[in-house]
Amino acid sequence: MKLGFLTAIMADKTFEEVVDYASEQGFSCIEVACWPKEGAERRYAGVCHIDVETLTEADSVSIKNYCREKNVGISALAYYPNILSGDREMDARRKAHLYRVIDAAKMLGVGLVNTFIGRDRTKTVEENLETVQKVWPEILQYAADRQIRIGIENCPMLFGKEQWPGGENLMTTPAIWKKVFQMLPFDNFGLNYDPSHFIWQQMDYVKPIYEFKDKIFHVHYKDIKVFWDKLADVGVMATPLEYMSPKIPGLGDVDWGKYVSALTDIGFEGCSVIEIEDKSFEKDIEDAKRAIRLSARYLRNFIE
């Protein structure tokens with residue numbers, strides 16, 4: 001497995017500065033945030049380390065050469081919007097940018113785009129599945145024609161009242177994955193697997209690794225800490241941030257030994273990327289860098 005980190009946590013640094021830091025710390029890859037330049041409202045979104053809107057062939061050659069010089073690969077291009085929100089104008093704008101990210105991945109020779117499938121949070125799972133069947137075949141075929149894989153992260157995108165009631169990403173459980181993969185039988189369509197999202201849903205995060213081994217394209221290392229006293233007070237019907245908090249790997253409830261053991265069992269040898277969303281490490285860029293270093297130090301007990 002190759003170890004890297006998602007660049008969103010270094011929002012104010014240039015692409016070259018991020019690559020330099022990854023190289024200095026011995027990382028072999030980075031997942032590069034590719035949001036539109038105008039940014040986004042939610043935390044950890046809106047970061048643009050490669051501007052896919054203006055990327056040229058000359059730019060792509062320069063990026064590839066710089067990464068080669070620093071011995072740091074790009075695991076995936078990252079853009080995590082909700083393209084099924086129900087707001088037609090916004091969904092169309094986000095979908096158009098996703099196509100540009102796919103084009104950029106082809107130009108850069110990356111091979112993988114990580115994203116969300118999206119969801120209209122006011123509609124049922126069944127209603128959203130109908131929308132997925134209408135919207136996603138075209139996107140997946142477009143990517144397939146360019147030899148690009150699409151990895152869907154399993155984050156429910158349900159944290160506070162602004163995402164209530166259903167969240168903004170449908171691909172949240174193995175039961176839904178089965179339906180979606182049957183509905184969209186594309187070989188280039190799979191998962192960016194993050195165990196932390198199963199923790200607060202109180203689900204098994206190891207068993208699906210075996211069941212969906214052929215669909216795991218990329219993995220995240222992010223932890224979640226459940227505050228059981230708070231959960232006992234507010235219950236599972238509360239918005240999740242009322243009883244849980246994202247943490248760096250090793251400071252939450254994921255058993256990383258079991259997780260990595262399962263990945264080695266299935267022979268996963270792809271890119272595994274640290275995702276930092278821990279509010280305890282948000283004072284400044286040096287704090288963010290410390291979170292990356294601490295995470296890597298811990299995870300290197302399990303991977304090289």
# chains A, B, ... in the order shown; residues from 1 in each chain; ligands from 1
call {"tool": "select_by_dssp", "arguments": {"residues": "range 116-262 of chain A", "states": "alpha helix (DSSP H)", "output": "compact mmCIF listing (two decimals) with N, CA and C atoms, in the first residue's frame"}}
result
# COMPACT_ATOMS: atom_id res chain seq x y z
N VAL A 125 -34.59 6.92 -0.16
CA VAL A 125 -33.53 6.18 -0.84
C VAL A 125 -34.01 5.70 -2.20
N GLU A 126 -35.22 5.17 -2.25
CA GLU A 126 -35.76 4.63 -3.50
C GLU A 126 -35.90 5.72 -4.57
N GLU A 127 -36.36 6.89 -4.17
CA GLU A 127 -36.48 8.00 -5.11
C GLU A 127 -35.12 8.46 -5.59
N ASN A 128 -34.14 8.47 -4.71
CA ASN A 128 -32.79 8.85 -5.10
C ASN A 128 -32.16 7.82 -6.02
N LEU A 129 -32.46 6.54 -5.81
CA LEU A 129 -31.94 5.50 -6.69
C LEU A 129 -32.43 5.71 -8.12
N GLU A 130 -33.66 6.14 -8.27
CA GLU A 130 -34.19 6.43 -9.61
C GLU A 130 -33.40 7.55 -10.28
N THR A 131 -33.06 8.57 -9.49
CA THR A 131 -32.28 9.68 -10.03
C THR A 131 -30.87 9.23 -10.40
N VAL A 132 -30.25 8.42 -9.55
CA VAL A 132 -28.92 7.88 -9.85
C VAL A 132 -28.92 7.14 -11.18
N GLN A 133 -29.96 6.34 -11.40
CA GLN A 133 -30.04 5.56 -12.64
C GLN A 133 -30.17 6.45 -13.88
N LYS A 134 -30.73 7.63 -13.70
CA LYS A 134 -30.88 8.57 -14.81
C LYS A 134 -29.61 9.37 -15.07
N VAL A 135 -28.94 9.77 -14.00
CA VAL A 135 -27.82 10.73 -14.12
C VAL A 135 -26.47 10.07 -14.32
N TRP A 136 -26.19 8.98 -13.61
CA TRP A 136 -24.82 8.48 -13.52
C TRP A 136 -24.31 7.63 -14.68
N PRO A 137 -25.16 6.91 -15.45
CA PRO A 137 -24.59 6.13 -16.56
C PRO A 137 -23.79 6.99 -17.55
N GLU A 138 -24.28 8.19 -17.84
CA GLU A 138 -23.58 9.08 -18.77
C GLU A 138 -22.21 9.49 -18.22
N ILE A 139 -22.16 9.80 -16.93
CA ILE A 139 -20.90 10.21 -16.32
C ILE A 139 -19.90 9.07 -16.33
N LEU A 140 -20.36 7.89 -15.95
CA LEU A 140 -19.48 6.73 -15.88
C LEU A 140 -18.98 6.32 -17.26
N GLN A 141 -19.83 6.43 -18.25
CA GLN A 141 -19.40 6.11 -19.61
C GLN A 141 -18.38 7.12 -20.10
N TYR A 142 -18.62 8.39 -19.80
CA TYR A 142 -17.67 9.45 -20.16
C TYR A 142 -16.29 9.14 -19.56
N ALA A 143 -16.29 8.75 -18.28
CA ALA A 143 -15.03 8.42 -17.62
C ALA A 143 -14.40 7.16 -18.22
N ALA A 144 -15.23 6.16 -18.48
CA ALA A 144 -14.73 4.90 -19.04
C ALA A 144 -14.08 5.13 -20.40
N ASP A 145 -14.68 6.00 -21.21
CA ASP A 145 -14.13 6.30 -22.53
C ASP A 145 -12.74 6.93 -22.44
N PRO A 174 -23.56 -0.88 2.80
CA PRO A 174 -23.42 -2.00 1.87
C PRO A 174 -24.73 -2.36 1.18
N ALA A 175 -25.85 -2.24 1.86
CA ALA A 175 -27.14 -2.56 1.24
C ALA A 175 -27.40 -1.66 0.04
N ILE A 176 -27.08 -0.37 0.18
CA ILE A 176 -27.26 0.57 -0.93
C ILE A 176 -26.21 0.33 -2.00
N TRP A 177 -24.97 0.04 -1.60
CA TRP A 177 -23.93 -0.24 -2.58
C TRP A 177 -24.36 -1.36 -3.53
N LYS A 178 -24.91 -2.44 -2.95
CA LYS A 178 -25.33 -3.58 -3.77
C LYS A 178 -26.31 -3.14 -4.85
N LYS A 179 -27.29 -2.34 -4.44
CA LYS A 179 -28.31 -1.88 -5.38
C LYS A 179 -27.70 -1.00 -6.46
N VAL A 180 -26.82 -0.09 -6.07
CA VAL A 180 -26.23 0.83 -7.03
C VAL A 180 -25.29 0.11 -7.99
N PHE A 181 -24.49 -0.80 -7.48
CA PHE A 181 -23.56 -1.52 -8.35
C PHE A 181 -24.31 -2.44 -9.31
N GLN A 182 -25.44 -3.00 -8.88
CA GLN A 182 -26.27 -3.81 -9.79
C GLN A 182 -26.91 -2.93 -10.86
N MET A 183 -27.28 -1.74 -10.47
CA MET A 183 -27.93 -0.79 -11.36
C MET A 183 -26.95 -0.20 -12.37
N SER A 196 -14.38 5.32 8.93
CA SER A 196 -14.87 6.18 10.01
C SER A 196 -16.38 6.42 9.95
N HIS A 197 -16.92 6.44 8.74
CA HIS A 197 -18.34 6.75 8.59
C HIS A 197 -19.24 5.61 9.10
N PHE A 198 -18.67 4.40 9.16
CA PHE A 198 -19.43 3.30 9.73
C PHE A 198 -19.47 3.36 11.25
N ILE A 199 -18.48 4.00 11.85
CA ILE A 199 -18.39 4.03 13.31
C ILE A 199 -19.62 4.69 13.92
N TRP A 200 -19.93 5.91 13.49
CA TRP A 200 -21.06 6.60 14.11
C TRP A 200 -22.41 6.03 13.66
N LYS A 207 -16.17 -6.12 7.66
CA LYS A 207 -16.84 -7.11 6.81
C LYS A 207 -17.03 -6.65 5.36
N PRO A 208 -17.45 -5.40 5.10
CA PRO A 208 -17.64 -5.00 3.70
C PRO A 208 -16.36 -5.00 2.87
N ILE A 209 -15.21 -4.92 3.52
CA ILE A 209 -13.95 -4.96 2.78
C ILE A 209 -13.84 -6.27 2.01
N TYR A 210 -14.25 -7.36 2.62
CA TYR A 210 -14.20 -8.66 1.97
C TYR A 210 -15.28 -8.79 0.90
N GLU A 211 -16.47 -8.31 1.22
CA GLU A 211 -17.60 -8.44 0.30
C GLU A 211 -17.42 -7.60 -0.96
N TRP A 228 -20.17 8.49 23.95
CA TRP A 228 -21.31 7.65 24.30
C TRP A 228 -22.23 8.30 25.33
N ASP A 229 -21.67 9.14 26.18
CA ASP A 229 -22.53 9.83 27.14
C ASP A 229 -23.45 10.82 26.43
N LYS A 230 -22.93 11.47 25.39
CA LYS A 230 -23.77 12.39 24.62
C LYS A 230 -24.80 11.62 23.80
N LEU A 231 -24.39 10.49 23.23
CA LEU A 231 -25.33 9.68 22.46
C LEU A 231 -26.46 9.18 23.35
N ALA A 232 -26.11 8.80 24.56
CA ALA A 232 -27.14 8.35 25.51
C ALA A 232 -28.13 9.46 25.84
N ASP A 233 -27.66 10.69 25.73
CA ASP A 233 -28.51 11.85 26.05
C ASP A 233 -29.39 12.26 24.87
N VAL A 234 -28.81 12.27 23.65
CA VAL A 234 -29.56 12.79 22.49
C VAL A 234 -30.14 11.70 21.60
N TRP A 256 -7.45 0.24 13.77
CA TRP A 256 -6.71 0.31 12.53
C TRP A 256 -5.95 -0.97 12.20
N GLY A 257 -5.60 -1.74 13.21
CA GLY A 257 -4.97 -3.03 12.96
C GLY A 257 -5.92 -3.96 12.21
N LYS A 258 -7.17 -4.02 12.67
CA LYS A 258 -8.16 -4.87 12.00
C LYS A 258 -8.45 -4.38 10.59
N TYR A 259 -8.53 -3.07 10.44
CA TYR A 259 -8.84 -2.48 9.14
C TYR A 259 -7.74 -2.80 8.13
N VAL A 260 -6.49 -2.52 8.48
CA VAL A 260 -5.39 -2.76 7.56
C VAL A 260 -5.19 -4.25 7.34
N SER A 261 -5.42 -5.05 8.38
CA SER A 261 -5.32 -6.50 8.23
C SER A 261 -6.28 -7.01 7.16
N ALA A 262 -7.52 -6.48 7.18
CA ALA A 262 -8.50 -6.89 6.17
C ALA A 262 -8.07 -6.45 4.78
call {"tool": "residues_around", "arguments": {"residues": "range 72-89 of chain A", "least_positions_apart": "3", "cutoff": "6 Å", "atoms": "only C-alpha atoms", "output": "VMD selection string"}}
result
chain A and resid 28 to 35 67 92 94 to 95 112 to 116 118 to 120 271
call {"tool": "write_last_selection", "arguments": {"atoms": "C-alpha atoms", "output": "tab-separated table (two decimals), in the first residue's frame"}}
result
chain	number	residue	atom	x	y	z
A	28	SER	CA	4.53	8.31	-1.77
A	29	CYS	CA	1.29	9.94	-2.95
A	30	ILE	CA	-1.26	12.71	-2.46
A	31	GLU	CA	-4.96	12.94	-3.27
A	32	VAL	CA	-5.29	16.36	-4.88
A	33	ALA	CA	-8.26	18.63	-4.14
A	34	CYS	CA	-9.70	20.04	-7.38
A	35	TRP	CA	-12.69	22.19	-6.42
A	67	CYS	CA	5.84	15.01	-8.97
A	92	ALA	CA	-25.65	21.18	-13.56
A	94	ARG	CA	-21.28	20.84	-10.27
A	95	LYS	CA	-21.72	18.08	-12.84
A	112	LEU	CA	-8.91	7.90	-10.66
A	113	VAL	CA	-11.37	10.59	-9.62
A	114	ASN	CA	-12.82	10.44	-6.10
A	115	THR	CA	-16.22	12.01	-5.49
A	116	PHE	CA	-19.71	11.56	-4.02
A	118	GLY	CA	-24.94	12.80	-4.37
A	119	ARG	CA	-28.43	12.77	-2.88
A	120	ASP	CA	-31.58	14.86	-2.60
A	271	CYS	CA	-3.25	4.19	-2.44
call {"tool": "closest_residue", "arguments": {"among": "A:Phe217, A:Tyr99, A:Tyr298, A:Phe212", "to": "Ile274 in chain A", "atoms": "only C-alpha atoms"}}
result
A:Tyr298
call {"tool": "select_by_dssp", "arguments": {"residues": "range 39-275 of chain A", "states": "strand (DSSP E or B)", "output": "ChimeraX atom specification"}}
result
/A:48,73-78,112-115,149-153,189-193,216-221,223-226,244-247,271-274
call {"tool": "atom_distance", "arguments": {"atom1": "CA of Lys215 in chain A", "atom2": "CA of Ala45 in chain A"}}
result
25.2 Å
call {"tool": "residues_around", "arguments": {"residues": "Ser295 in chain A", "least_positions_apart": "3", "cutoff": "10 Å", "atoms": "only C-alpha atoms", "output": "number ranges by chain"}}
result
A: 5, 221-222, 247-251, 274-276, 289-292, 298-300
call {"tool": "atom_distance", "arguments": {"atom1": "CA of Arg121 in chain A", "atom2": "CA of Leu170 in chain A"}}
result
8.9 Å
call {"tool": "residues_around", "arguments": {"residues": "Leu241 in chain A", "least_positions_apart": "3", "cutoff": "9 Å", "atoms": "only C-alpha atoms", "output": "PyMOL selection string"}}
result
chain A and resi 158-160+238+244-246
call {"tool": "write_last_selection", "arguments": {"atoms": "N, CA, C and O atoms", "output": "mmCIF file, in the first residue's frame"}}
result
data_model
loop_
_atom_site.group_PDB
_atom_site.id
_atom_site.type_symbol
_atom_site.label_atom_id
_atom_site.label_comp_id
_atom_site.auth_asym_id
_atom_site.auth_seq_id
_atom_site.Cartn_x
_atom_site.Cartn_y
_atom_site.Cartn_z
ATOM 1 N N LEU A 158 -23.922 13.828 6.326
ATOM 2 C CA LEU A 158 -24.942 14.229 7.292
ATOM 3 C C LEU A 158 -24.213 14.506 8.600
ATOM 4 O O LEU A 158 -23.755 13.587 9.275
ATOM 5 N N PHE A 159 -24.083 15.777 8.921
ATOM 6 C CA PHE A 159 -23.369 16.171 10.126
ATOM 7 C C PHE A 159 -24.220 17.049 11.037
ATOM 8 O O PHE A 159 -24.345 16.791 12.215
ATOM 9 N N GLY A 160 -24.795 18.093 10.451
ATOM 10 C CA GLY A 160 -25.615 19.026 11.226
ATOM 11 C C GLY A 160 -26.955 19.272 10.564
ATOM 12 O O GLY A 160 -27.326 18.599 9.603
ATOM 13 N N ALA A 238 -30.596 12.252 16.661
ATOM 14 C CA ALA A 238 -29.952 13.567 16.660
ATOM 15 C C ALA A 238 -29.013 13.690 15.466
ATOM 16 O O ALA A 238 -28.589 12.689 14.878
ATOM 17 N N MET A 244 -20.691 12.833 18.069
ATOM 18 C CA MET A 244 -19.423 12.289 17.550
ATOM 19 C C MET A 244 -18.556 13.422 17.032
ATOM 20 O O MET A 244 -19.022 14.536 16.824
ATOM 21 N N SER A 245 -17.267 13.090 16.791
ATOM 22 C CA SER A 245 -16.346 14.074 16.241
ATOM 23 C C SER A 245 -15.269 13.382 15.408
ATOM 24 O O SER A 245 -14.731 12.356 15.835
ATOM 25 N N PRO A 246 -14.948 13.899 14.215
ATOM 26 C CA PRO A 246 -13.829 13.357 13.442
ATOM 27 C C PRO A 246 -12.506 13.564 14.188
ATOM 28 O O PRO A 246 -12.289 14.618 14.788
#
call {"tool": "closest_residue", "arguments": {"among": "A:Val47, A:Ile150, A:Leu263, A:Ile63", "to": "Leu98 in chain A", "atoms": "only C-alpha atoms"}}
result
A:Ile150
